[in-house]
file target.txt (compact mmCIF, C-alpha atoms)
# COMPACT_ATOMS: atom_id res chain seq x y z
CA MET P 967 -11.05 -15.55 -5.87
CA SER P 968 -10.59 -13.75 -9.18
CA ILE P 969 -10.04 -10.50 -7.29
CA LEU P 970 -7.31 -12.05 -5.14
CA ARG P 971 -5.67 -13.64 -8.18
CA ASP P 972 -5.65 -10.32 -10.01
CA ALA P 973 -4.39 -8.52 -6.90
CA GLY P 974 -1.55 -11.04 -6.68
CA LEU P 975 -0.68 -10.45 -10.33
CA ILE P 976 -0.48 -6.67 -9.81
CA LEU P 977 1.48 -7.10 -6.57
CA GLY P 978 3.97 -9.40 -8.27
CA LYS P 979 4.38 -6.95 -11.13
CA ASP P 980 4.97 -4.00 -8.77
CA LEU P 981 7.53 -5.93 -6.73
CA ARG P 982 9.29 -6.94 -9.94
CA LEU P 983 9.32 -3.31 -11.09
CA GLU P 984 10.96 -2.32 -7.79
CA MET P 985 13.56 -5.05 -8.17
CA ARG P 986 14.38 -3.68 -11.61
CA THR P 987 14.43 0.03 -10.76
CA ARG P 988 15.24 0.20 -7.01
CA VAL P 989 13.30 3.45 -6.69
CA ILE P 990 12.01 2.66 -3.19
CA ALA P 991 15.31 1.29 -1.93
CA GLY P 992 17.49 3.85 -3.67
CA GLN P 993 15.41 7.03 -3.40
CA VAL P 994 12.35 6.83 -1.16
CA VAL P 995 14.01 5.18 1.86
CA PRO P 996 17.06 7.50 1.78
CA PHE P 997 14.66 10.46 1.49
CA GLY P 998 12.81 9.31 4.62
CA LEU P 999 16.08 8.96 6.52
CA LEU P 1000 17.14 12.42 5.35
CA VAL P 1001 13.91 13.90 6.70
CA LEU P 1002 14.59 12.25 10.08
CA VAL P 1003 18.12 13.65 10.14
CA LEU P 1004 16.90 17.15 9.24
CA PHE P 1005 14.34 17.00 12.06
CA ALA P 1006 17.19 16.06 14.38
CA PHE P 1007 19.25 19.03 13.18
CA ALA P 1008 16.30 21.38 13.67
CA LEU P 1009 15.53 20.19 17.22
CA ASP P 1010 19.01 19.15 18.32
CA PRO P 1011 19.52 21.87 20.98
CA ASP P 1012 16.74 20.32 23.03
CA ARG P 1013 17.16 16.52 23.07
CA ARG P 1014 14.09 16.13 25.30
CA VAL P 1015 11.80 17.74 22.69
CA LEU P 1016 13.23 15.49 20.03
CA SER P 1017 12.55 12.45 22.17
CA GLU P 1018 8.96 13.51 22.92
CA ALA P 1019 8.27 14.41 19.30
CA THR P 1020 9.57 11.08 17.96
CA PRO P 1021 6.13 9.60 17.11
CA GLY P 1022 5.00 12.66 15.16
CA LEU P 1023 8.33 13.11 13.40
CA PHE P 1024 8.37 9.41 12.45
CA TRP P 1025 4.92 9.55 10.88
CA LEU P 1026 5.63 12.84 9.11
CA ALA P 1027 8.73 11.24 7.57
CA VAL P 1028 6.60 8.23 6.57
CA LEU P 1029 3.93 10.50 5.07
CA PHE P 1030 6.36 12.56 2.99
CA SER P 1031 8.12 9.41 1.77
CA THR P 1032 4.77 7.80 0.96
CA LEU P 1033 3.97 10.64 -1.41
CA LEU P 1034 7.11 9.84 -3.38
CA ALA P 1035 6.31 6.12 -3.40
CA LEU P 1036 2.78 6.84 -4.58
CA GLN P 1037 3.90 9.06 -7.41
CA ARG P 1038 6.20 6.31 -8.59
CA ALA P 1039 3.53 3.61 -8.20
CA PHE P 1040 1.03 5.43 -10.41
CA GLU P 1041 3.51 6.97 -12.81
CA VAL P 1042 4.14 3.47 -14.18
CA GLU P 1043 0.39 2.96 -14.68
CA ALA P 1044 0.12 6.18 -16.70
CA GLY P 1045 2.84 5.21 -19.18
CA ASP P 1046 2.74 4.42 -22.90
CA GLY P 1047 -0.85 3.19 -23.36
CA VAL P 1048 -0.89 1.28 -20.05
CA PRO P 1049 -4.25 2.74 -18.88
CA ASP P 1050 -5.96 1.38 -22.00
CA ALA P 1051 -4.13 -1.92 -21.64
CA LEU P 1052 -5.36 -2.22 -18.05
CA ARG P 1053 -8.94 -1.51 -19.11
CA LEU P 1054 -8.68 -4.17 -21.83
CA SER P 1055 -6.76 -6.65 -19.70
CA GLY P 1056 -9.69 -8.44 -18.13
CA LEU P 1057 -8.28 -7.74 -14.67
CA ASP P 1058 -10.90 -7.01 -12.03
CA PRO P 1059 -10.61 -3.29 -11.11
CA ALA P 1060 -11.06 -4.16 -7.43
CA GLY P 1061 -8.20 -6.65 -7.82
CA ILE P 1062 -6.02 -3.98 -9.43
CA PHE P 1063 -6.80 -1.67 -6.50
CA LEU P 1064 -5.97 -4.31 -3.89
CA GLY P 1065 -2.79 -5.22 -5.76
CA LYS P 1066 -1.64 -1.61 -5.85
CA VAL P 1067 -2.44 -1.24 -2.14
CA ALA P 1068 -0.57 -4.45 -1.31
CA GLY P 1069 2.48 -3.32 -3.29
CA LEU P 1070 2.51 0.02 -1.50
CA VAL P 1071 2.09 -1.67 1.88
CA VAL P 1072 5.10 -3.90 1.26
CA HIS P 1073 7.24 -0.97 0.16
CA MET P 1074 6.10 1.27 3.03
CA LEU P 1075 6.66 -1.43 5.66
CA VAL P 1076 10.25 -1.74 4.49
CA LEU P 1077 10.53 2.03 4.74
CA GLU P 1078 9.04 2.05 8.25
CA ILE P 1079 11.43 -0.65 9.49
CA VAL P 1080 14.36 1.46 8.32
CA LEU P 1081 12.88 4.64 9.81
CA LEU P 1082 12.21 2.91 13.14
CA ALA P 1083 15.86 1.95 13.24
CA GLY P 1084 16.61 5.56 12.32
CA VAL P 1085 14.67 7.11 15.20
CA THR P 1086 16.29 4.67 17.62
CA LEU P 1087 19.72 5.62 16.32
CA PHE P 1088 19.30 9.36 15.78
CA TYR P 1089 16.80 10.25 18.55
CA GLY P 1090 17.82 7.65 21.13
CA THR P 1091 14.25 6.51 21.75
CA THR P 1092 13.08 2.92 22.20
CA PRO P 1093 9.48 1.67 22.27
CA HIS P 1094 8.07 -0.22 25.25
CA ALA P 1095 5.03 -1.81 23.63
CA ALA P 1096 6.37 -3.57 20.56
CA LEU P 1097 3.06 -5.25 19.67
CA LEU P 1098 1.18 -1.95 19.61
CA LEU P 1099 3.96 -0.47 17.53
CA VAL P 1100 3.79 -3.26 14.95
CA VAL P 1101 -0.01 -3.36 14.58
CA THR P 1102 -0.14 0.44 14.39
CA CYS P 1103 2.34 0.34 11.54
CA LEU P 1104 0.24 -2.27 9.73
CA ALA P 1105 -3.09 -0.47 10.14
CA ALA P 1106 -1.77 3.02 9.41
CA THR P 1107 0.13 1.76 6.38
CA ALA P 1108 -2.96 0.01 5.00
CA GLY P 1109 -4.97 3.22 5.44
CA LEU P 1110 -2.33 5.40 3.80
CA ALA P 1111 -1.93 2.96 0.92
CA ALA P 1112 -5.70 2.70 0.36
CA VAL P 1113 -6.22 6.47 0.29
CA GLY P 1114 -3.06 6.93 -1.76
CA SER P 1115 -4.15 4.38 -4.35
CA LEU P 1116 -7.53 6.06 -4.72
CA TYR P 1117 -6.03 9.50 -5.27
CA GLY P 1118 -3.09 8.06 -7.18
CA ILE P 1119 -5.28 6.63 -9.94
CA LEU P 1120 -7.48 9.73 -9.87
CA SER P 1121 -4.53 11.98 -10.65
CA ALA P 1122 -2.60 9.47 -12.79
CA GLY P 1123 -3.76 10.81 -16.14
CA MET P 1124 -3.26 14.45 -15.27
CA ARG P 1125 -0.25 16.51 -16.26
CA VAL P 1126 -0.27 18.17 -12.84
CA ARG P 1127 -0.40 14.89 -10.92
CA ASP P 1128 2.89 15.42 -9.07
CA THR P 1129 1.63 18.56 -7.39
CA LEU P 1130 -2.03 17.60 -7.22
CA LEU P 1131 -1.58 14.31 -5.39
CA PRO P 1132 -0.21 15.81 -2.12
CA LEU P 1133 -2.91 18.49 -2.17
CA LEU P 1134 -5.65 15.90 -2.51
CA MET P 1135 -4.23 13.33 -0.16
CA LEU P 1136 -2.72 15.12 2.81
CA PRO P 1137 -5.97 16.56 4.23
CA VAL P 1138 -7.68 13.17 3.94
CA VAL P 1139 -4.94 11.28 5.77
CA ALA P 1140 -4.79 13.74 8.67
CA PRO P 1141 -6.77 11.26 10.86
CA VAL P 1142 -4.14 8.60 10.13
CA LEU P 1143 -1.32 10.96 11.10
CA ILE P 1144 -3.06 11.90 14.35
CA SER P 1145 -4.10 8.36 15.31
CA ALA P 1146 -0.79 6.75 14.41
CA THR P 1147 1.13 9.43 16.28
CA GLN P 1148 -1.02 8.98 19.38
CA ALA P 1149 -0.74 5.19 19.25
CA PHE P 1150 3.04 5.43 18.82
CA ALA P 1151 3.27 7.92 21.68
CA ALA P 1152 1.48 5.42 23.91
CA ALA P 1153 3.82 2.65 22.75
CA TYR P 1154 6.86 4.79 23.59
CA ARG P 1155 5.43 5.90 26.98
CA GLN P 1156 4.86 2.50 28.54
CA ALA P 1157 1.16 3.39 28.76
CA SER P 1158 -0.24 1.50 25.83
CA GLY P 1159 -3.88 1.46 27.03
CA SER P 1160 -4.97 4.61 25.18
CA GLY P 1161 -2.88 3.54 22.21
CA TRP P 1162 -5.16 0.63 21.45
CA ARG P 1163 -8.12 3.01 21.05
CA TRP P 1164 -6.16 4.99 18.46
CA PHE P 1165 -5.21 1.73 16.79
CA GLY P 1166 -8.93 0.88 16.56
CA LEU P 1167 -9.52 4.15 14.77
CA LEU P 1168 -6.74 3.32 12.30
CA VAL P 1169 -8.33 -0.07 11.58
CA VAL P 1170 -11.72 1.55 10.91
CA PHE P 1171 -10.12 4.13 8.62
CA ALA P 1172 -8.21 1.47 6.68
CA LEU P 1173 -11.25 -0.77 6.26
CA LEU P 1174 -13.40 2.16 5.19
CA TYR P 1175 -11.00 3.27 2.47
CA LEU P 1176 -10.32 -0.29 1.32
CA VAL P 1177 -14.05 -0.78 0.75
CA ILE P 1178 -14.44 2.62 -0.92
CA GLY P 1179 -11.46 1.86 -3.13
CA MET P 1180 -12.76 -1.55 -4.21
CA VAL P 1181 -16.10 0.00 -5.14
CA ALA P 1182 -14.85 3.22 -6.74
CA PHE P 1183 -11.66 2.09 -8.46
CA GLU P 1184 -13.39 0.96 -11.66
CA SER P 1185 -14.90 4.41 -12.23
CA LEU P 1186 -11.59 6.09 -11.47
CA LEU P 1187 -9.74 3.74 -13.83
CA GLU P 1188 -12.21 4.64 -16.58
CA GLU P 1189 -11.46 8.33 -16.08
CA SER P 1190 -7.68 8.02 -15.75
CA MET E 265 -24.91 -15.51 -37.94
CA GLU E 266 -24.59 -12.17 -36.16
CA PRO E 267 -21.78 -9.98 -37.51
CA VAL E 268 -18.75 -9.58 -35.27
CA VAL E 269 -18.96 -5.81 -35.69
CA ASN E 270 -22.26 -4.15 -36.44
CA PHE E 271 -22.37 -0.34 -36.37
CA ARG E 272 -25.41 1.54 -37.63
CA GLN E 273 -25.22 5.33 -37.67
CA ALA E 274 -22.82 5.10 -34.73
CA VAL E 275 -21.87 8.43 -33.20
CA CYS E 276 -18.91 8.97 -30.85
CA LEU E 277 -17.87 12.21 -29.25
CA LEU E 278 -14.35 13.14 -28.20
CA GLY E 279 -15.14 15.97 -25.83
CA ARG E 280 -17.76 17.88 -27.82
CA PHE E 281 -16.26 16.95 -31.19
CA PRO E 282 -18.10 14.22 -33.14
CA ALA E 283 -15.21 11.90 -34.03
CA LEU E 284 -17.74 9.51 -35.57
CA ALA E 285 -20.78 11.16 -37.06
CA GLY E 286 -22.87 8.19 -38.14
CA VAL E 287 -20.71 5.24 -39.17
CA ASP E 288 -22.17 2.15 -40.79
CA LEU E 289 -19.87 -0.85 -40.58
CA THR E 290 -20.51 -4.56 -40.71
CA VAL E 291 -17.73 -7.08 -40.28
CA GLY E 292 -18.45 -10.78 -40.46
CA ALA E 293 -16.68 -13.58 -38.63
CA GLY E 294 -13.38 -14.52 -40.23
CA GLU E 295 -13.06 -11.36 -42.28
CA ILE E 296 -10.06 -9.09 -42.56
CA VAL E 297 -11.40 -5.59 -43.17
CA LEU E 298 -9.20 -2.64 -43.96
CA LEU E 299 -10.31 0.78 -42.75
CA ALA E 300 -8.88 3.48 -44.96
CA GLY E 301 -9.24 7.22 -45.09
CA PRO E 302 -7.45 10.50 -44.53
CA ASN E 303 -6.10 11.68 -41.19
CA GLY E 304 -8.92 12.59 -38.84
CA ALA E 305 -11.46 10.45 -40.69
CA GLY E 306 -12.27 8.51 -37.52
CA LYS E 307 -10.42 5.25 -38.20
CA THR E 308 -8.73 5.05 -34.81
CA THR E 309 -11.96 6.04 -33.09
CA VAL E 310 -13.76 3.15 -34.79
CA LEU E 311 -11.15 0.75 -33.42
CA ARG E 312 -11.37 2.25 -29.93
CA ALA E 313 -15.15 2.16 -30.03
CA CYS E 314 -15.01 -1.52 -31.04
CA ALA E 315 -12.76 -2.12 -28.02
CA GLY E 316 -15.23 -0.39 -25.72
CA LEU E 317 -12.80 2.41 -24.93
CA VAL E 318 -14.80 5.18 -26.56
CA THR E 319 -18.47 5.59 -25.75
CA VAL E 320 -20.98 5.29 -28.59
CA VAL E 321 -23.55 7.95 -27.76
CA ASP E 322 -26.01 7.44 -30.60
CA GLY E 323 -26.92 4.85 -33.22
CA GLU E 324 -26.43 1.12 -32.89
CA ALA E 325 -23.16 -0.57 -31.97
CA ARG E 326 -22.71 -4.26 -31.28
CA VAL E 327 -19.36 -6.08 -31.13
CA LEU E 328 -19.15 -9.85 -30.59
CA GLY E 329 -22.81 -9.76 -29.64
CA VAL E 330 -22.27 -7.15 -26.93
CA ASP E 331 -24.36 -3.99 -27.06
CA LEU E 332 -21.74 -1.29 -26.60
CA ARG E 333 -24.31 1.36 -25.81
CA ALA E 334 -25.65 -0.66 -22.89
CA ASP E 335 -22.28 -1.67 -21.39
CA PRO E 336 -19.04 -1.90 -23.38
CA ARG E 337 -17.00 -3.57 -20.62
CA PRO E 338 -17.88 -7.23 -21.42
CA VAL E 339 -16.30 -6.93 -24.86
CA ARG E 340 -12.95 -5.65 -23.68
CA GLN E 341 -11.34 -8.90 -22.67
CA ARG E 342 -12.42 -10.51 -25.94
CA VAL E 343 -10.72 -8.01 -28.25
CA GLY E 344 -7.06 -7.21 -28.79
CA LEU E 345 -6.10 -3.65 -29.64
CA LEU E 346 -2.74 -2.75 -31.14
CA GLY E 347 -2.76 1.03 -30.89
CA HIS E 348 -0.21 3.75 -31.46
CA SER E 349 1.18 3.26 -27.96
CA SER E 350 2.61 -0.04 -26.83
CA GLY E 351 0.72 -0.61 -23.56
CA LEU E 352 3.89 -2.05 -22.03
CA TYR E 353 5.79 -1.36 -18.80
CA ALA E 354 9.09 0.23 -19.83
CA ASP E 355 11.03 -1.10 -16.82
CA LEU E 356 9.92 -4.73 -17.16
CA SER E 357 11.66 -7.07 -19.57
CA VAL E 358 10.10 -8.31 -22.78
CA ALA E 359 9.35 -11.72 -21.27
CA GLU E 360 7.90 -10.20 -18.09
CA ASN E 361 5.62 -7.88 -20.07
CA VAL E 362 4.28 -10.61 -22.32
CA ALA E 363 3.78 -12.97 -19.39
CA PHE E 364 2.04 -10.32 -17.28
CA TRP E 365 -0.48 -9.23 -19.91
CA ALA E 366 -1.08 -12.79 -21.06
CA ARG E 367 -1.74 -13.96 -17.49
CA ALA E 368 -4.06 -10.99 -16.99
CA GLY E 369 -6.05 -12.29 -19.95
CA ARG E 370 -6.07 -15.86 -18.57
CA SER E 371 -3.79 -17.18 -21.31
CA ARG E 372 -1.84 -20.38 -20.83
CA PRO E 373 1.95 -20.32 -20.27
CA ALA E 374 2.33 -22.32 -23.48
CA ASP E 375 0.64 -19.48 -25.39
CA VAL E 376 3.20 -17.04 -24.01
CA ASP E 377 6.12 -19.20 -25.12
CA ALA E 378 4.59 -19.73 -28.54
CA ALA E 379 3.92 -16.01 -29.00
CA MET E 380 7.45 -15.07 -27.96
CA ALA E 381 8.88 -17.57 -30.42
CA ARG E 382 6.53 -16.48 -33.23
CA LEU E 383 7.63 -12.85 -32.88
CA GLY E 384 11.30 -13.75 -32.57
CA LEU E 385 11.55 -12.55 -28.98
CA ASP E 386 12.59 -15.77 -27.30
CA GLY E 387 16.32 -15.22 -27.55
CA ARG E 388 18.55 -12.45 -26.28
CA LEU E 389 15.72 -9.88 -26.35
CA ALA E 390 13.55 -11.73 -23.82
CA GLY E 391 15.47 -10.36 -20.85
CA VAL E 392 15.87 -6.79 -22.12
CA ALA E 393 13.81 -3.99 -20.55
CA VAL E 394 11.17 -2.73 -22.97
CA GLY E 395 12.30 0.85 -22.40
CA ARG E 396 15.63 0.00 -24.02
CA LEU E 397 14.09 -1.37 -27.22
CA SER E 398 13.67 0.37 -30.55
CA ALA E 399 10.18 1.38 -31.69
CA GLY E 400 10.02 -1.58 -34.03
CA GLN E 401 11.07 -4.02 -31.32
CA ARG E 402 8.43 -2.59 -28.95
CA ARG E 403 5.89 -3.10 -31.73
CA ARG E 404 6.89 -6.74 -31.89
CA VAL E 405 6.43 -7.12 -28.13
CA ALA E 406 2.97 -5.54 -28.31
CA LEU E 407 2.13 -7.97 -31.11
CA ALA E 408 3.41 -10.86 -28.99
CA VAL E 409 1.01 -9.83 -26.22
CA LEU E 410 -1.81 -9.82 -28.75
CA VAL E 411 -0.88 -13.25 -30.08
CA ALA E 412 -0.58 -14.72 -26.58
CA ARG E 413 -3.99 -13.40 -25.56
CA ARG E 414 -5.71 -14.93 -28.63
CA PRO E 415 -8.50 -12.34 -28.94
CA GLU E 416 -11.64 -13.02 -30.95
CA LEU E 417 -11.40 -9.64 -32.66
CA TRP E 418 -8.06 -8.09 -33.61
CA LEU E 419 -8.08 -4.31 -33.83
CA LEU E 420 -4.85 -3.19 -35.49
CA ASP E 421 -3.99 0.49 -35.83
CA GLU E 422 -1.14 0.93 -38.31
CA PRO E 423 0.34 -2.48 -37.44
CA HIS E 424 3.13 -2.15 -39.99
CA ALA E 425 4.41 1.13 -38.55
CA ALA E 426 8.04 1.11 -37.40
CA LEU E 427 8.58 -2.48 -38.52
CA ASP E 428 11.23 -3.65 -40.96
CA GLN E 429 10.38 -5.70 -44.05
CA GLN E 430 10.55 -8.98 -42.16
CA GLY E 431 8.33 -7.59 -39.43
CA ARG E 432 5.77 -6.32 -41.94
CA ASP E 433 5.60 -9.71 -43.59
CA LEU E 434 5.16 -11.22 -40.15
CA VAL E 435 2.21 -8.94 -39.38
CA ASP E 436 0.51 -10.00 -42.61
CA SER E 437 1.15 -13.61 -41.73
CA LEU E 438 -0.23 -13.11 -38.20
CA MET E 439 -3.45 -11.64 -39.57
CA GLY E 440 -3.85 -14.67 -41.78
CA ASP E 441 -3.17 -17.02 -38.89
CA ALA E 442 -5.66 -15.19 -36.68
CA VAL E 443 -8.41 -15.58 -39.23
CA ALA E 444 -7.50 -19.21 -39.79
CA ALA E 445 -7.88 -19.73 -36.03
CA GLY E 446 -11.39 -18.26 -36.13
CA ALA E 447 -10.69 -14.64 -35.25
CA THR E 448 -11.71 -11.52 -37.14
CA VAL E 449 -9.42 -8.63 -38.02
CA LEU E 450 -10.17 -4.93 -38.41
CA VAL E 451 -7.07 -3.10 -39.54
CA VAL E 452 -6.31 0.58 -40.08
CA SER E 453 -3.48 1.38 -42.42
CA HIS E 454 -2.19 4.10 -44.69
CA GLU E 455 -0.13 1.50 -46.53
CA LEU E 456 -3.02 0.60 -48.77
CA ASP E 457 -1.12 -1.60 -51.21
CA ARG E 458 0.24 -3.84 -48.51
CA ALA E 459 -2.90 -3.94 -46.38
CA SER E 460 -5.17 -4.49 -49.36
CA SER E 461 -3.19 -7.56 -50.26
CA VAL E 462 -4.33 -9.31 -47.08
CA ALA E 463 -7.72 -7.66 -46.48
CA HIS E 464 -10.94 -9.10 -47.88
CA ARG E 465 -12.65 -5.70 -48.03
CA THR E 466 -11.80 -2.04 -47.69
CA VAL E 467 -14.10 0.41 -45.95
CA HIS E 468 -13.33 4.06 -46.58
CA LEU E 469 -14.02 6.64 -43.91
CA ALA E 470 -14.14 10.40 -44.28
CA GLY E 471 -15.26 13.06 -41.88
CA GLY E 472 -16.38 10.54 -39.28
CA THR E 473 -18.68 8.61 -41.61
CA SER E 474 -18.21 5.52 -43.77
CA VAL E 475 -18.42 6.53 -47.40
CA GLU E 476 -17.57 3.50 -49.46
CA THR E 477 -16.98 -0.23 -49.25
CA ALA E 478 -14.93 -2.02 -51.85
CA GLY E 479 -13.66 -5.54 -52.36
CA THR E 480 -9.94 -6.23 -52.63
CA ALA E 481 -7.85 -8.60 -54.64
CA ALA E 482 -7.36 -10.72 -51.55
CA GLY E 483 -11.11 -10.71 -50.95
CA ALA E 484 -11.78 -11.93 -54.47
CA GLY E 485 -9.45 -14.83 -53.99
CA SER E 486 -10.72 -16.03 -50.63
CA GLN E 487 -13.98 -16.81 -48.99
CA PRO E 488 -14.51 -15.25 -45.58
CA HIS E 489 -17.49 -16.33 -43.59
CA PRO E 490 -20.73 -14.89 -44.95
CA VAL E 491 -21.69 -11.49 -43.62
CA GLU E 492 -25.27 -10.92 -42.61
CA LEU E 493 -26.07 -7.39 -43.65
CA VAL E 494 -28.61 -5.38 -41.75
CA PRO E 495 -31.28 -4.12 -44.16

call {"tool": "encode", "arguments": {"input": "target.txt", "output": "structure tokens"}}
result
Amino acid sequence: MSILRDAGLILGKDLRLEMRTRVIAGQVVPFGLLVLVLFAFALDPDRRVLSEATPGLFWLAVLFSTLLALQRAFEVEAGDGVPDALRLSGLDPAGIFLGKVAGLVVHMLVLEIVLLAGVTLFYGTTPHAALLLVVTCLAATAGLAAVGSLYGILSAGMRVRDTLLPLLMLPVVAPVLISATQAFAAAYRQASGSGWRWFGLLVVFALLYLVIGMVAFESLLEES
Amino acid sequence: MEPVVNFRQAVCLLGRFPALAGVDLTVGAGEIVLLAGPNGAGKTTVLRACAGLVTVVDGEARVLGVDLRADPRPVRQRVGLLGHSSGLYADLSVAENVAFWARAGRSRPADVDAAMARLGLDGRLAGVAVGRLSAGQRRRVALAVLVARRPELWLLDEPHAALDQQGRDLVDSLMGDAVAAGATVLVVSHELDRASSVAHRTVHLAGGTSVETAGTAAGAGSQPHPVELVP
């Protein structure tokens, strides 16, 4: 229960920070929408391609925006003596990890809702299997947030963190990009059967990295 | 009674550099001990080692009964470190910062309110983002966190820095209050006159080793708990 309490404390703090700074609402979400619009400009001559590529373009926009959200989430933990304060705080490192993941999930789900509205508006596509769409978003987001939190704390203390984080993270989350794209494609095609298998893969990935994060976060926090 | 801090020939490395090269230090319960010495003598490293933030690689090091060489983590929640940096979130308000760190340390809400009031932060400043405060005001917020968490061992690194006269007097008063409440204080300061007036003893460091221990005027006039010296 201590882990959940500590996770709740970190989550509350991160949500409060967002309310104060509006970085997600004012910068990350508009960036994601901009990426969607630029994809539309690039593929506009062939509307059919744009429609078929919607799942991949959506998740690429999510991925790029997630990198910005991650940098913000761990920039605040690298500030004026905060790493030492966290180590001395008495907070359970696994709780800190889960709290950071939960904060990212909340922010990314808001982003995904806006981007889903964006693809409907800009690309003219509508999903047929809403349930698959929703659970795919949840599982993929949890996986991205878990991996991102692991690499976020790993690079938090480094001067090159802004450039290092994408290099470390993007290859690892390739399975999430592939699985989420395939599951979304099934949800948009009215043939959701294969989509559930990809969703299963996303769940396994998310659980795996949540467990790894809970175990490894203490060591990474010590090194940050 | 076991000393609160008991270092024997403690060695700490920062990279490959021996920041502490065999420090002997004993601090008894209820003492205020001033660590003095030139820049680079190892004063800050002693504080960080006591907090379990720097690894002691050789010698003996026990703080609050915890063997730091075996596992320093259990001591961390029991000490309060006021370092050169504030350890605060710049975008959160004063009240939010104090409440967050106090709750992390399992303090009661009443302790937060009392600490805010004690440091004079319960008025207009409570709702101001820490990033908009002056250095001295941030120092007060960091002190409020320390007060709210009620640590057993206070580790203060230049606590008077950036504070005005009223703030400096307040720091001295807080050290006295902490000891009266059963805590122990280890303070690093270059303001020897001021710090000596509240400390019971001064330990001088040089080149990563402790070279001299001397009583102070404050120590002569008060009776800290007896210190059990290791032979």

call {"tool": "interface_residues", "arguments": {"input": "target.txt", "of": "chain E", "to": "chain P", "cutoff": "10 Å", "atoms": "all atoms listed in the file", "output": "JSON, numbers by chain"}}
result
{"E": [312, 315, 316, 317, 337, 338, 339, 340, 341, 342, 343, 344, 345, 346, 347, 348, 349, 350, 351, 352, 353, 354, 355, 356, 357, 360, 361, 364, 365, 366, 367, 368, 369, 370, 393, 413]}

call {"tool": "closest_residue", "arguments": {"input": "target.txt", "among": "P:Val1085, P:Cys1103, P:Val1142, P:Leu1187", "to": "Glu1018 of chain P", "atoms": "only C-alpha atoms"}}
result
P:Val1085

call {"tool": "atom_distance", "arguments": {"input": "target.txt", "atom1": "atom CA of Val1170 of chain P", "atom2": "atom CA of Ser1017 of chain P"}}
result
28.9 Å

call {"tool": "atom_distance", "arguments": {"input": "target.txt", "atom1": "atom CA of Phe1007 of chain P", "atom2": "atom CA of Gly1022 of chain P"}}
result
15.7 Å

call {"tool": "residues_near_point", "arguments": {"input": "target.txt", "point": "(-11.1, -13.7, -34.7)", "cutoff": "12 Å", "atoms": "only C-alpha atoms", "output": "PyMOL selection string"}}
result
chain E and resi 267-269+291-297+327-328+342-344+410-411+413-419+438-450+488-489

call {"tool": "write_last_selection", "arguments": {"input": "target.txt", "atoms": "C-alpha atoms", "output": "PDB file, in the frame of the given file"}}
result
ATOM      1  CA  PRO E 267     -21.780  -9.980 -37.510  1.00  0.00           C
ATOM      2  CA  VAL E 268     -18.750  -9.580 -35.270  1.00  0.00           C
ATOM      3  CA  VAL E 269     -18.960  -5.810 -35.690  1.00  0.00           C
ATOM      4  CA  VAL E 291     -17.730  -7.080 -40.280  1.00  0.00           C
ATOM      5  CA  GLY E 292     -18.450 -10.780 -40.460  1.00  0.00           C
ATOM      6  CA  ALA E 293     -16.680 -13.580 -38.630  1.00  0.00           C
ATOM      7  CA  GLY E 294     -13.380 -14.520 -40.230  1.00  0.00           C
ATOM      8  CA  GLU E 295     -13.060 -11.360 -42.280  1.00  0.00           C
ATOM      9  CA  ILE E 296     -10.060  -9.090 -42.560  1.00  0.00           C
ATOM     10  CA  VAL E 297     -11.400  -5.590 -43.170  1.00  0.00           C
ATOM     11  CA  VAL E 327     -19.360  -6.080 -31.130  1.00  0.00           C
ATOM     12  CA  LEU E 328     -19.150  -9.850 -30.590  1.00  0.00           C
ATOM     13  CA  ARG E 342     -12.420 -10.510 -25.940  1.00  0.00           C
ATOM     14  CA  VAL E 343     -10.720  -8.010 -28.250  1.00  0.00           C
ATOM     15  CA  GLY E 344      -7.060  -7.210 -28.790  1.00  0.00           C
ATOM     16  CA  LEU E 410      -1.810  -9.820 -28.750  1.00  0.00           C
ATOM     17  CA  VAL E 411      -0.880 -13.250 -30.080  1.00  0.00           C
ATOM     18  CA  ARG E 413      -3.990 -13.400 -25.560  1.00  0.00           C
ATOM     19  CA  ARG E 414      -5.710 -14.930 -28.630  1.00  0.00           C
ATOM     20  CA  PRO E 415      -8.500 -12.340 -28.940  1.00  0.00           C
ATOM     21  CA  GLU E 416     -11.640 -13.020 -30.950  1.00  0.00           C
ATOM     22  CA  LEU E 417     -11.400  -9.640 -32.660  1.00  0.00           C
ATOM     23  CA  TRP E 418      -8.060  -8.090 -33.610  1.00  0.00           C
ATOM     24  CA  LEU E 419      -8.080  -4.310 -33.830  1.00  0.00           C
ATOM     25  CA  LEU E 438      -0.230 -13.110 -38.200  1.00  0.00           C
ATOM     26  CA  MET E 439      -3.450 -11.640 -39.570  1.00  0.00           C
ATOM     27  CA  GLY E 440      -3.850 -14.670 -41.780  1.00  0.00           C
ATOM     28  CA  ASP E 441      -3.170 -17.020 -38.890  1.00  0.00           C
ATOM     29  CA  ALA E 442      -5.660 -15.190 -36.680  1.00  0.00           C
ATOM     30  CA  VAL E 443      -8.410 -15.580 -39.230  1.00  0.00           C
ATOM     31  CA  ALA E 444      -7.500 -19.210 -39.790  1.00  0.00           C
ATOM     32  CA  ALA E 445      -7.880 -19.730 -36.030  1.00  0.00           C
ATOM     33  CA  GLY E 446     -11.390 -18.260 -36.130  1.00  0.00           C
ATOM     34  CA  ALA E 447     -10.690 -14.640 -35.250  1.00  0.00           C
ATOM     35  CA  THR E 448     -11.710 -11.520 -37.140  1.00  0.00           C
ATOM     36  CA  VAL E 449      -9.420  -8.630 -38.020  1.00  0.00           C
ATOM     37  CA  LEU E 450     -10.170  -4.930 -38.410  1.00  0.00           C
ATOM     38  CA  PRO E 488     -14.510 -15.250 -45.580  1.00  0.00           C
ATOM     39  CA  HIS E 489     -17.490 -16.330 -43.590  1.00  0.00           C
TER      40      HIS E 489
END
